[in-house]
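Text of run-v4.txt (compact mmCIF, C-alpha atoms and all ligand atoms) as supplied:
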# COMPACT_ATOMS: atom_id res chain seq x y z
CA MET A 1 -7.33 16.45 -12.72
CA THR A 2 -7.76 19.20 -10.20
CA THR A 3 -5.29 22.02 -10.80
CA MET A 4 -2.08 21.65 -8.80
CA THR A 5 -2.89 23.22 -5.46
CA LYS A 6 -1.34 22.97 -2.04
CA PRO A 7 -3.28 20.88 0.48
CA GLY A 8 -5.57 23.02 2.56
CA GLU A 9 -6.46 25.28 -0.37
CA PHE A 10 -9.31 23.04 -1.51
CA ALA A 11 -12.82 23.67 -0.24
CA GLU A 12 -13.71 20.77 2.04
CA ASP A 13 -16.91 19.89 0.27
CA ALA A 14 -15.89 20.98 -3.22
CA ALA A 15 -15.53 17.68 -5.08
CA PRO A 16 -18.56 15.58 -5.93
CA ALA A 17 -18.37 11.82 -5.34
CA ALA A 18 -16.91 10.20 -8.47
CA SER A 19 -17.40 6.58 -7.47
CA ASP A 20 -19.41 4.43 -5.09
CA ALA A 21 -16.29 2.64 -3.83
CA PHE A 22 -15.44 3.01 -0.15
CA LEU A 23 -12.05 4.48 -1.07
CA SER A 24 -11.70 6.10 -4.46
CA VAL A 25 -8.42 7.66 -5.53
CA ARG A 26 -8.69 9.64 -8.76
CA ASP A 27 -5.82 11.17 -10.73
CA LEU A 28 -3.62 11.58 -7.70
CA TYR A 29 -0.42 13.58 -8.12
CA VAL A 30 2.10 14.01 -5.31
CA ARG A 31 5.21 16.11 -5.92
CA PHE A 32 8.02 16.99 -3.53
CA SER A 33 10.15 20.11 -3.87
CA THR A 34 13.74 19.18 -3.12
CA GLU A 35 17.12 20.89 -3.57
CA ASP A 36 17.65 18.78 -6.68
CA GLY A 37 14.28 19.59 -8.22
CA ILE A 38 10.71 18.29 -8.21
CA VAL A 39 10.25 14.61 -7.34
CA LYS A 40 7.18 13.24 -9.12
CA ALA A 41 6.49 10.55 -6.53
CA VAL A 42 2.89 9.84 -7.61
CA ASP A 43 2.03 10.78 -11.16
CA GLY A 44 -1.66 10.35 -12.01
CA LEU A 45 -2.80 7.35 -9.98
CA SER A 46 -6.38 6.06 -9.77
CA PHE A 47 -7.81 3.08 -7.92
CA ASP A 48 -10.90 1.97 -6.00
CA LEU A 49 -11.33 -0.21 -2.96
CA GLU A 50 -14.53 -1.76 -1.64
CA ARG A 51 -15.34 -2.58 1.98
CA GLY A 52 -14.25 -6.01 3.11
CA ARG A 53 -11.73 -6.37 0.29
CA THR A 54 -7.94 -6.34 0.24
CA LEU A 55 -6.02 -4.46 -2.42
CA GLY A 56 -2.38 -5.42 -2.82
CA ILE A 57 -0.06 -2.67 -4.09
CA VAL A 58 3.21 -4.03 -5.45
CA GLY A 59 6.23 -2.46 -7.08
CA GLU A 60 9.95 -2.03 -6.59
CA SER A 61 11.47 0.35 -4.09
CA GLY A 62 10.71 3.98 -4.89
CA SER A 63 7.63 3.31 -7.03
CA GLY A 64 5.45 5.53 -4.83
CA LYS A 65 3.60 2.95 -2.73
CA SER A 66 4.22 4.54 0.67
CA VAL A 67 3.81 8.10 -0.55
CA THR A 68 0.39 7.23 -2.04
CA ASN A 69 -0.82 5.83 1.22
CA LEU A 70 0.70 8.48 3.45
CA THR A 71 -1.15 10.98 1.26
CA VAL A 72 -4.44 9.14 1.82
CA LEU A 73 -3.83 9.70 5.54
CA GLY A 74 -2.85 13.34 4.96
CA LEU A 75 0.61 12.65 6.43
CA HIS A 76 2.69 14.87 4.18
CA ASN A 77 4.43 18.15 4.82
CA PRO A 78 2.34 20.86 3.11
CA ALA A 79 5.37 23.17 2.91
CA THR A 80 7.26 20.87 0.55
CA THR A 81 4.53 18.72 -0.96
CA GLU A 82 2.06 19.42 -3.72
CA VAL A 83 -0.97 17.18 -3.86
CA ALA A 84 -3.65 17.18 -6.54
CA GLY A 85 -6.46 14.88 -7.51
CA GLU A 86 -9.23 13.31 -5.47
CA ILE A 87 -9.19 10.96 -2.52
CA LEU A 88 -12.74 10.06 -1.56
CA LEU A 89 -13.27 8.04 1.57
CA ASP A 90 -16.88 6.99 2.03
CA GLY A 91 -17.78 9.91 -0.24
CA GLN A 92 -15.76 12.44 1.78
CA GLU A 93 -13.06 14.38 -0.08
CA LEU A 94 -9.72 14.12 1.75
CA THR A 95 -7.32 15.94 -0.58
CA GLY A 96 -8.29 19.32 0.74
CA ALA A 97 -9.60 18.28 4.13
CA SER A 98 -8.52 20.27 7.17
CA ASN A 99 -6.05 18.87 9.68
CA ARG A 100 -8.89 18.59 12.14
CA THR A 101 -10.92 16.38 9.82
CA LEU A 102 -7.91 14.19 9.08
CA GLU A 103 -6.99 13.95 12.76
CA LYS A 104 -10.50 12.72 13.48
CA LEU A 105 -10.20 10.03 10.81
CA ARG A 106 -6.71 8.81 11.62
CA GLY A 107 -6.56 5.97 14.09
CA ASP A 108 -10.35 5.78 14.08
CA LYS A 109 -11.89 5.23 10.65
CA VAL A 110 -8.52 4.89 8.92
CA ALA A 111 -5.38 3.33 10.41
CA MET A 112 -1.95 2.45 9.15
CA ILE A 113 0.59 -0.20 10.00
CA PHE A 114 3.92 1.39 9.13
CA GLN A 115 6.90 -0.14 7.36
CA ASP A 116 9.04 0.07 10.49
CA SER A 117 7.59 -0.67 13.92
CA LEU A 118 10.51 1.02 15.68
CA THR A 119 9.68 4.39 14.16
CA ALA A 120 5.93 3.96 14.68
CA LEU A 121 6.14 3.11 18.38
CA SER A 122 7.60 5.62 20.78
CA PRO A 123 10.34 4.18 23.02
CA TYR A 124 9.20 6.40 25.91
CA TYR A 125 5.70 5.03 26.48
CA THR A 126 4.50 1.57 27.32
CA VAL A 127 3.07 -0.57 24.56
CA GLY A 128 -0.31 -0.64 26.33
CA ARG A 129 -0.52 3.12 26.61
CA GLN A 130 0.24 3.51 22.91
CA ILE A 131 -2.38 0.96 21.88
CA ALA A 132 -4.95 2.56 24.17
CA GLU A 133 -4.28 6.13 23.07
CA PRO A 134 -6.37 6.22 19.86
CA TYR A 135 -9.21 4.41 21.67
CA VAL A 136 -9.24 6.89 24.55
CA LYS A 137 -9.00 9.81 22.12
CA HIS A 138 -11.65 8.74 19.62
CA ARG A 139 -14.07 6.90 21.90
CA GLY A 140 -13.78 9.27 24.83
CA VAL A 141 -13.36 6.42 27.32
CA SER A 142 -11.35 6.51 30.57
CA LYS A 143 -7.68 5.53 30.74
CA ARG A 144 -8.67 2.45 32.68
CA GLU A 145 -11.07 1.32 29.95
CA GLY A 146 -8.36 2.11 27.42
CA ARG A 147 -5.94 -0.18 29.26
CA GLU A 148 -8.48 -3.01 29.32
CA ARG A 149 -9.02 -2.54 25.59
CA ALA A 150 -5.23 -2.64 25.02
CA ILE A 151 -5.05 -5.97 26.88
CA GLU A 152 -7.92 -7.32 24.78
CA MET A 153 -6.18 -6.20 21.58
CA LEU A 154 -2.82 -7.68 22.63
CA GLU A 155 -4.59 -10.96 23.19
CA LYS A 156 -6.28 -10.72 19.78
CA VAL A 157 -2.95 -10.28 18.01
CA GLY A 158 -1.51 -13.28 19.82
CA ILE A 159 0.75 -11.76 22.49
CA PRO A 160 1.05 -14.29 25.33
CA GLN A 161 0.19 -13.08 28.84
CA PRO A 162 -1.17 -9.75 27.62
CA ARG A 163 -2.08 -8.56 31.11
CA MET A 164 1.58 -8.75 32.09
CA ARG A 165 3.01 -7.50 28.81
CA VAL A 166 0.72 -4.45 28.52
CA ASP A 167 3.08 -2.38 30.69
CA ASP A 168 6.23 -3.32 28.77
CA TYR A 169 8.13 -0.76 26.72
CA PRO A 170 8.64 -1.46 23.00
CA HIS A 171 12.30 -2.49 23.47
CA GLN A 172 11.11 -5.32 25.74
CA PHE A 173 9.18 -6.79 22.79
CA SER A 174 10.77 -8.83 19.97
CA GLY A 175 10.50 -7.52 16.39
CA GLY A 176 7.55 -9.82 15.67
CA MET A 177 5.79 -8.78 18.88
CA ARG A 178 6.32 -5.10 18.12
CA GLN A 179 4.77 -5.63 14.70
CA ARG A 180 1.79 -7.32 16.38
CA ALA A 181 1.55 -4.46 18.87
CA MET A 182 1.47 -2.01 15.97
CA ILE A 183 -1.33 -4.03 14.37
CA ALA A 184 -3.18 -3.96 17.70
CA MET A 185 -2.77 -0.17 17.79
CA ALA A 186 -3.99 0.16 14.21
CA LEU A 187 -7.06 -2.00 14.84
CA VAL A 188 -8.02 -0.72 18.28
CA CYS A 189 -10.91 1.39 16.91
CA ASN A 190 -12.02 -1.22 14.32
CA PRO A 191 -10.98 0.96 11.34
CA ASP A 192 -12.99 0.81 8.14
CA LEU A 193 -9.76 1.19 6.17
CA LEU A 194 -6.46 -0.35 7.21
CA ILE A 195 -3.29 0.45 5.32
CA ALA A 196 -0.52 -2.08 5.96
CA ASP A 197 2.82 -0.92 4.55
CA GLU A 198 5.19 -3.88 4.26
CA PRO A 199 3.87 -5.24 7.55
CA THR A 200 5.99 -8.37 7.41
CA THR A 201 9.22 -7.47 5.60
CA ALA A 202 11.46 -7.54 8.65
CA LEU A 203 10.01 -10.77 10.04
CA ASP A 204 10.90 -14.40 9.51
CA VAL A 205 8.69 -16.49 7.25
CA THR A 206 6.69 -18.21 10.01
CA VAL A 207 5.84 -14.96 11.78
CA GLN A 208 5.06 -13.37 8.39
CA ALA A 209 2.49 -16.07 7.71
CA GLN A 210 0.94 -15.66 11.18
CA ILE A 211 0.65 -11.90 10.78
CA LEU A 212 -0.97 -12.22 7.36
CA ASP A 213 -3.45 -14.78 8.73
CA LEU A 214 -4.16 -12.39 11.55
CA LEU A 215 -4.96 -9.55 9.14
CA LYS A 216 -7.37 -11.83 7.26
CA ASP A 217 -9.08 -12.92 10.51
CA LEU A 218 -9.43 -9.38 11.72
CA GLN A 219 -10.79 -8.32 8.36
CA GLN A 220 -13.48 -10.97 8.61
CA GLU A 221 -14.36 -9.82 12.09
CA PHE A 222 -14.43 -6.09 11.37
CA GLY A 223 -15.22 -6.09 7.63
CA SER A 224 -12.42 -3.57 7.03
CA ALA A 225 -11.03 -2.65 3.64
CA ILE A 226 -7.28 -3.33 3.58
CA ILE A 227 -4.48 -1.95 1.44
CA LEU A 228 -1.48 -4.24 1.67
CA ILE A 229 1.75 -2.76 0.31
CA THR A 230 4.59 -5.12 -0.47
CA HIS A 231 7.54 -5.90 -2.73
CA ASP A 232 6.54 -9.51 -2.64
CA LEU A 233 3.99 -10.72 -5.18
CA GLY A 234 4.07 -14.13 -3.49
CA VAL A 235 2.88 -12.72 -0.16
CA VAL A 236 0.25 -10.51 -1.66
CA SER A 237 -1.22 -13.17 -3.92
CA ASN A 238 -2.06 -15.24 -0.85
CA VAL A 239 -3.86 -12.45 0.93
CA ALA A 240 -5.23 -9.85 -1.50
CA ASP A 241 -8.37 -9.92 -3.68
CA ASP A 242 -7.13 -7.32 -6.17
CA LEU A 243 -3.72 -6.12 -7.24
CA LEU A 244 -2.30 -2.83 -8.41
CA VAL A 245 1.20 -2.88 -9.87
CA MET A 246 3.02 0.45 -9.57
CA TYR A 247 6.01 1.70 -11.52
CA ALA A 248 7.51 5.19 -11.27
CA GLY A 249 4.51 6.66 -9.49
CA ARG A 250 1.89 5.21 -11.84
CA ALA A 251 -0.29 2.12 -11.96
CA VAL A 252 0.86 -0.08 -14.83
CA GLU A 253 -1.44 -3.06 -14.27
CA ARG A 254 -4.59 -3.77 -12.33
CA GLY A 255 -6.87 -6.75 -11.87
CA SER A 256 -8.04 -9.45 -9.51
CA VAL A 257 -5.25 -11.57 -8.04
CA ARG A 258 -6.56 -14.57 -9.98
CA GLU A 259 -6.50 -12.76 -13.33
CA LEU A 260 -3.20 -11.12 -12.71
CA ILE A 261 -1.36 -14.22 -11.56
CA ARG A 262 -2.92 -16.43 -14.23
CA GLU A 263 -2.29 -14.09 -17.11
CA PRO A 264 -0.30 -10.97 -16.29
CA GLN A 265 -0.24 -8.50 -19.17
CA HIS A 266 2.48 -5.95 -18.46
CA PRO A 267 6.19 -6.55 -19.13
CA TYR A 268 7.00 -5.04 -15.73
CA THR A 269 4.64 -7.48 -13.99
CA TRP A 270 6.31 -10.30 -15.95
CA GLY A 271 9.64 -9.03 -14.63
CA LEU A 272 8.34 -8.97 -11.05
CA LEU A 273 6.98 -12.50 -11.38
CA GLY A 274 10.27 -13.71 -12.83
CA SER A 275 12.18 -12.32 -9.86
CA MET A 276 9.85 -13.76 -7.18
CA PRO A 277 10.95 -17.12 -5.77
CA ARG A 278 7.82 -17.77 -3.74
CA LEU A 279 5.43 -18.41 -6.62
CA MET A 280 7.64 -21.09 -8.15
CA SER A 281 8.25 -23.46 -5.32
CA ASP A 282 9.47 -26.33 -7.52
CA VAL A 283 11.97 -24.20 -9.45
CA THR A 284 15.50 -24.15 -8.08
CA GLU A 285 17.16 -22.27 -10.97
CA PRO A 286 18.34 -18.75 -10.18
CA LEU A 287 15.57 -16.29 -10.90
CA THR A 288 15.88 -13.47 -13.36
CA PRO A 289 16.04 -9.98 -11.88
CA ILE A 290 14.60 -7.14 -13.95
CA PRO A 291 17.57 -5.55 -15.75
CA GLY A 292 18.57 -2.03 -14.78
CA ALA A 293 17.14 0.03 -11.93
CA PRO A 294 13.97 2.04 -11.34
CA PRO A 295 14.23 5.56 -12.80
CA SER A 296 14.87 8.75 -10.88
CA LEU A 297 11.56 10.44 -10.23
CA LEU A 298 13.25 13.83 -10.65
CA SER A 299 13.28 13.20 -14.40
CA PRO A 300 11.36 10.04 -15.25
CA PRO A 301 11.84 8.71 -18.80
CA PRO A 302 9.41 10.07 -21.41
CA GLY A 303 6.83 7.78 -23.00
CA CYS A 304 6.47 4.56 -21.04
CA ALA A 305 8.66 5.02 -17.96
CA PHE A 306 9.60 1.32 -18.15
CA HIS A 307 10.99 1.54 -21.71
CA PRO A 308 14.72 1.69 -20.82
CA ARG A 309 14.35 -1.69 -19.05
CA CYS A 310 11.79 -3.35 -21.31
CA GLY A 311 12.69 -6.14 -23.74
CA PHE A 312 9.56 -5.74 -25.88
CA THR A 313 9.86 -2.23 -27.33
CA ASP A 314 10.71 -3.62 -30.80
CA LEU A 315 7.40 -5.47 -30.90
CA VAL A 316 5.61 -2.14 -30.49
CA GLY A 317 7.89 -0.44 -33.02
CA GLY A 318 7.99 3.11 -34.32
CA GLY A 319 9.77 4.35 -31.20
CA ARG A 320 6.34 4.68 -29.56
CA CYS A 321 7.47 3.29 -26.21
CA ALA A 322 9.98 6.13 -25.81
CA THR A 323 7.63 8.92 -26.83
CA GLU A 324 4.00 8.04 -26.15
CA ARG A 325 2.79 7.32 -22.63
CA PRO A 326 0.47 4.29 -22.48
CA GLU A 327 -2.69 4.78 -20.41
CA LEU A 328 -4.18 2.25 -18.02
CA PRO A 329 -7.73 1.32 -19.06
CA ASP A 330 -10.51 1.22 -16.44
CA GLY A 331 -11.01 -2.06 -14.64
CA ARG A 332 -8.76 -5.01 -15.51
CA GLY A 333 -5.89 -4.04 -17.80
CA SER A 334 -2.36 -2.81 -18.28
CA ALA A 335 -0.70 0.40 -19.45
CA CYS A 336 1.37 -0.92 -22.36
CA HIS A 337 1.38 -0.33 -26.13
CA LEU A 338 1.52 -4.05 -26.95
CA THR A 339 -1.81 -5.24 -28.39
CA GLY A 340 -3.98 -7.58 -26.34
CA GLU A 341 -3.01 -10.43 -28.66
CA GLN A 342 0.73 -9.64 -28.32
CA LYS A 343 0.46 -9.54 -24.52
CA ARG A 344 -1.27 -12.91 -24.50
CA SER A 345 1.04 -14.66 -26.96
CA VAL A 346 4.28 -13.29 -25.45
CA PHE A 347 3.14 -14.35 -22.00
CA ILE A 348 2.08 -17.86 -23.05
CA GLU A 349 4.99 -18.56 -25.41
CA THR A 350 7.91 -16.81 -23.72
CA ILE A 351 7.21 -15.83 -20.14
CA GLN A 352 5.10 -18.66 -18.74
CA PRO A 353 7.56 -21.44 -19.68
CA ARG A 354 10.30 -19.53 -17.84
CA LEU A 355 8.13 -19.21 -14.73
CA GLY A 356 7.59 -22.96 -14.66
N1 LIG A 401 9.54 13.65 1.72
C1 LIG A 401 10.09 13.34 0.55
N2 LIG A 401 10.82 14.24 -0.13
C2 LIG A 401 11.37 13.94 -1.33
N3 LIG A 401 11.22 12.76 -1.96
C3 LIG A 401 10.51 11.83 -1.35
C4 LIG A 401 9.90 12.05 -0.05
N4 LIG A 401 9.23 10.93 0.31
C5 LIG A 401 9.43 10.05 -0.70
N5 LIG A 401 10.17 10.58 -1.69
C6 LIG A 401 10.55 9.94 -2.96
O1 LIG A 401 9.34 9.52 -3.58
C7 LIG A 401 9.54 8.30 -4.27
C8 LIG A 401 8.52 7.29 -3.83
O2 LIG A 401 8.81 6.91 -2.50
P1 LIG A 401 7.99 5.82 -1.70
O3 LIG A 401 8.47 5.90 -0.30
O4 LIG A 401 6.55 5.99 -1.94
O5 LIG A 401 8.48 4.47 -2.38
P2 LIG A 401 7.99 2.99 -2.06
O6 LIG A 401 7.35 2.46 -3.29
O7 LIG A 401 7.19 2.98 -0.80
O8 LIG A 401 9.40 2.25 -1.84
P3 LIG A 401 9.83 1.16 -0.77
O9 LIG A 401 9.36 -0.13 -1.35
O10 LIG A 401 11.32 1.26 -0.74
O11 LIG A 401 9.20 1.48 0.53
C9 LIG A 401 10.99 7.90 -4.02
O12 LIG A 401 11.74 8.33 -5.10
C10 LIG A 401 11.34 8.67 -2.76
O13 LIG A 401 12.72 8.94 -2.74
S1 LIG A 402 4.74 0.31 -23.52
FE1 LIG A 402 6.60 -0.46 -24.50
S2 LIG A 402 8.22 -0.10 -22.99
FE2 LIG A 402 6.27 0.05 -21.91
S3 LIG A 402 5.94 -1.95 -21.10
FE3 LIG A 402 4.86 -1.88 -23.06
S4 LIG A 402 6.34 -2.66 -24.57
FE4 LIG A 402 7.49 -2.19 -22.71
MG MG A 403 7.53 2.24 1.09
Is it possible to express this structure as structure tokens?
Amino acid sequence: MTTMTKPGEFAEDAAPAASDAFLSVRDLYVRFSTEDGIVKAVDGLSFDLERGRTLGIVGESGSGKSVTNLTVLGLHNPATTEVAGEILLDGQELTGASNRTLEKLRGDKVAMIFQDSLTALSPYYTVGRQIAEPYVKHRGVSKREGRERAIEMLEKVGIPQPRMRVDDYPHQFSGGMRQRAMIAMALVCNPDLLIADEPTTALDVTVQAQILDLLKDLQQEFGSAIILITHDLGVVSNVADDLLVMYAGRAVERGSVRELIREPQHPYTWGLLGSMPRLMSDVTEPLTPIPGAPPSLLSPPPGCAFHPRCGFTDLVGGGRCATERPELPDGRGSACHLTGEQKRSVFIETIQPRLG
């Protein structure tokens, strides 16, 4: 880990490339100073993402999903935020990059679809102007060309009569249309990396499915790498190639969607699967929520942060879960003290029958 340093204090070209992946996040720590103390929002997170692939990041509210991705974009307040670790995009170190470098990347090489389209779109400018803006800025084209591009993008994301709707203000669009407009804005420069933060949460199921299809189509066309953040393992398992399960600012399980859905290894992932209706379409019984609530990140539990909610600590024994933090191995694996054999047998004998 790099020593805890405020953003901007790193030399721009200081860190050597640690991985060949298009995006490589290594030992990322993000801490907020608040009146109540230090919030450890991201606490030693590592992951890689290749071009043309989709990584799903799942976890309950407050697990650090949005903060991780806002940090990749450099969208944190340096006065109250400490960031350490490495974020390498195409070999370029972003943790200490200057605002100018980040400004150049944002909206061009890297774009984000935010959790809430109302906060991402300004009510004072037309939808078309907002879609065109990054294109005009990064491509240096005229406003007229920008407007034509906005119309083209509105059409791509399935807005009917785009030439007429391009001059509408966001409030004249429905929630689903605003979400599409935000996707159009994010994709206007064909970004190499697209971060979609809960892009469908506020939408009804049909529109959700259309938007997810759209992301897949656009990925095929542009070959972008996508990070899809969601609470919903059902949604992500239809769209993503790989999954990262986050709990209390750390990754607790990682693997391909196939591996992770077929044989999840971590008790927290089991809990998430048990509380997801979508994966068990023929089950009508009430689903089992994970007991308790996610911990405060002001003082996360010692040892395995999940231990106060975990039903398997006795299998590990010796009080290890409460004192010794389990590490996530490289590649496919989970951060849990259960042995590989215990994970497999508990899942097959106890968890799988409950999932149906
Ligand atoms: N600017 C901030 N100052 C202080 N704490 C913050 C700040 N931003 C986020 N946090 C805290 O960091 C933690 C992680 O937040 P984050 O927004 O990443 O969660 P999330 O996983 O995206 O949750 P959700 O699913 O609800 O969007 C939370 O405890 C949150 O309260
Ligand atoms: S390390 Fe212990 S508390 Fe954490 S998930 Fe595994 S069994 Fe549960
Ligand atoms: Mg979030």
Taken to one decimal, the atom CA of A:Met153-atom CA of A:Ile229 distance is 23.0 Å
Please provide the set of residues having any atom within 7 Å of A:Ala111, restricted to all atoms listed in the file, with same-chain residues fewer than 6 positions apart removed, written as a ChimeraX atom specification. /A:186,191,193-195
**Study point:** Within-10 Å residues of ligand MG 403 (chain A), basis all atoms listed in the file, as a list in words
**Key:**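 With all atoms listed in the file and a cut-off of 10 Å, ligand MG 403 (chain A) is contacted by Gly59, Glu60, Ser61, Gly62, Ser63, Gly64, Lys65, Ser66, Val67, Thr68, Asn69, Leu70, Phe114, Gln115, Asp116, Asp197, Glu198, Ile229, Thr230 and His231 of chain A.
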Exercise for review: Please identify every polymer residue within 8 Å of ligand LIG 402 (chain A), using only C-alpha atoms and all ligand atoms, and present the set as a ChimeraX atom specification.
Suggested key: /A:266-268,303-316,320-322,325-326,335-338
So which residues touch stretch 138-152 of chain A within 12 Å, counting all atoms listed in the file, skipping near sequence neighbours fewer than 3 positions away, as a VMD selection string? chain A and resid 103 to 110 126 to 135 155 to 168 181 to 191
**Study point:** Atom pair atom P1 of ligand LIG 401 (chain A) / atom CA of A:Val42: separation (Å)
**Key:**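 Separation of atom P1 of ligand LIG 401 (chain A) and atom CA of A:Val42: 8.8 Å.
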Give me, please, the distance in Å between atom CA of A:Asp232 and atom O10 of ligand LIG 401 (chain A), quoted to one decimal.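 We find that atom CA of A:Asp232 and atom O10 of ligand LIG 401 (chain A) lie 11.9 Å from each other.
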As JSON, please report the centre and edge lengths, rounded to one decimal in Å, of the axis-aligned box that holds all listed atoms of ligand LIG 401 (chain A) with 6 Å of padding on each of the six sides.
{"center_x": 9.6, "center_y": 7.1, "center_z": -1.7, "size_x": 18.2, "size_y": 26.4, "size_z": 18.8}
From the list A:Leu89, A:Leu49, A:Leu55, A:Leu297, the nearest residue to ligand LIG 401 (chain A) using only C-alpha atoms and all ligand atoms is A:Leu297
A:Gly37, A:Gly176, A:Gly317, A:Gly271 ranked by distance to ligand LIG 401 (chain A), top pick (using only C-alpha atoms and all ligand atoms) |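 Using only C-alpha atoms and all ligand atoms, the shortest distance to ligand LIG 401 (chain A) belongs to A:Gly37.
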Quick one: everything within 8 Å of A:Asp192, counting only C-alpha atoms, minus sequence neighbours fewer than 5 positions away in the same chain. Send it as a short mmCIF file (atom, residue, chain, number, x, y, z; two decimals) with C-alpha atoms, keeping the file's coordinate frame.
data_model
loop_
_atom_site.label_atom_id
_atom_site.label_comp_id
_atom_site.auth_asym_id
_atom_site.auth_seq_id
_atom_site.Cartn_x
_atom_site.Cartn_y
_atom_site.Cartn_z
CA ARG A 51 -15.34 -2.58 1.98
CA LYS A 109 -11.89 5.23 10.65
CA VAL A 110 -8.52 4.89 8.92
CA PHE A 222 -14.43 -6.09 11.37
CA GLY A 223 -15.22 -6.09 7.63
CA SER A 224 -12.42 -3.57 7.03
CA ALA A 225 -11.03 -2.65 3.64
#
When you count all atoms listed in the file, which of these residues is closest to A:Leu218: A:Phe32, A:Ala293, A:Thr54, A:Pro329?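 Looking at the shortest contact to A:Leu218, the residue is A:Thr54.
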* To do: Select, from A:Gly91, A:Gly333, A:Gly175, A:Pro300, the residue with the minimum atom-to-atom distance to A:Leu243, counting all atoms listed in the file.
  =>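 Under the stated criterion, the closest residue is A:Gly333.
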Query - Nearest residue to ligand LIG 401 (chain A) from the set A:Leu244, A:Leu88, A:Met276, A:Ile57 (distances using all atoms listed in the file) - result: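 Smallest separation from ligand LIG 401 (chain A) among the options: A:Ile57.
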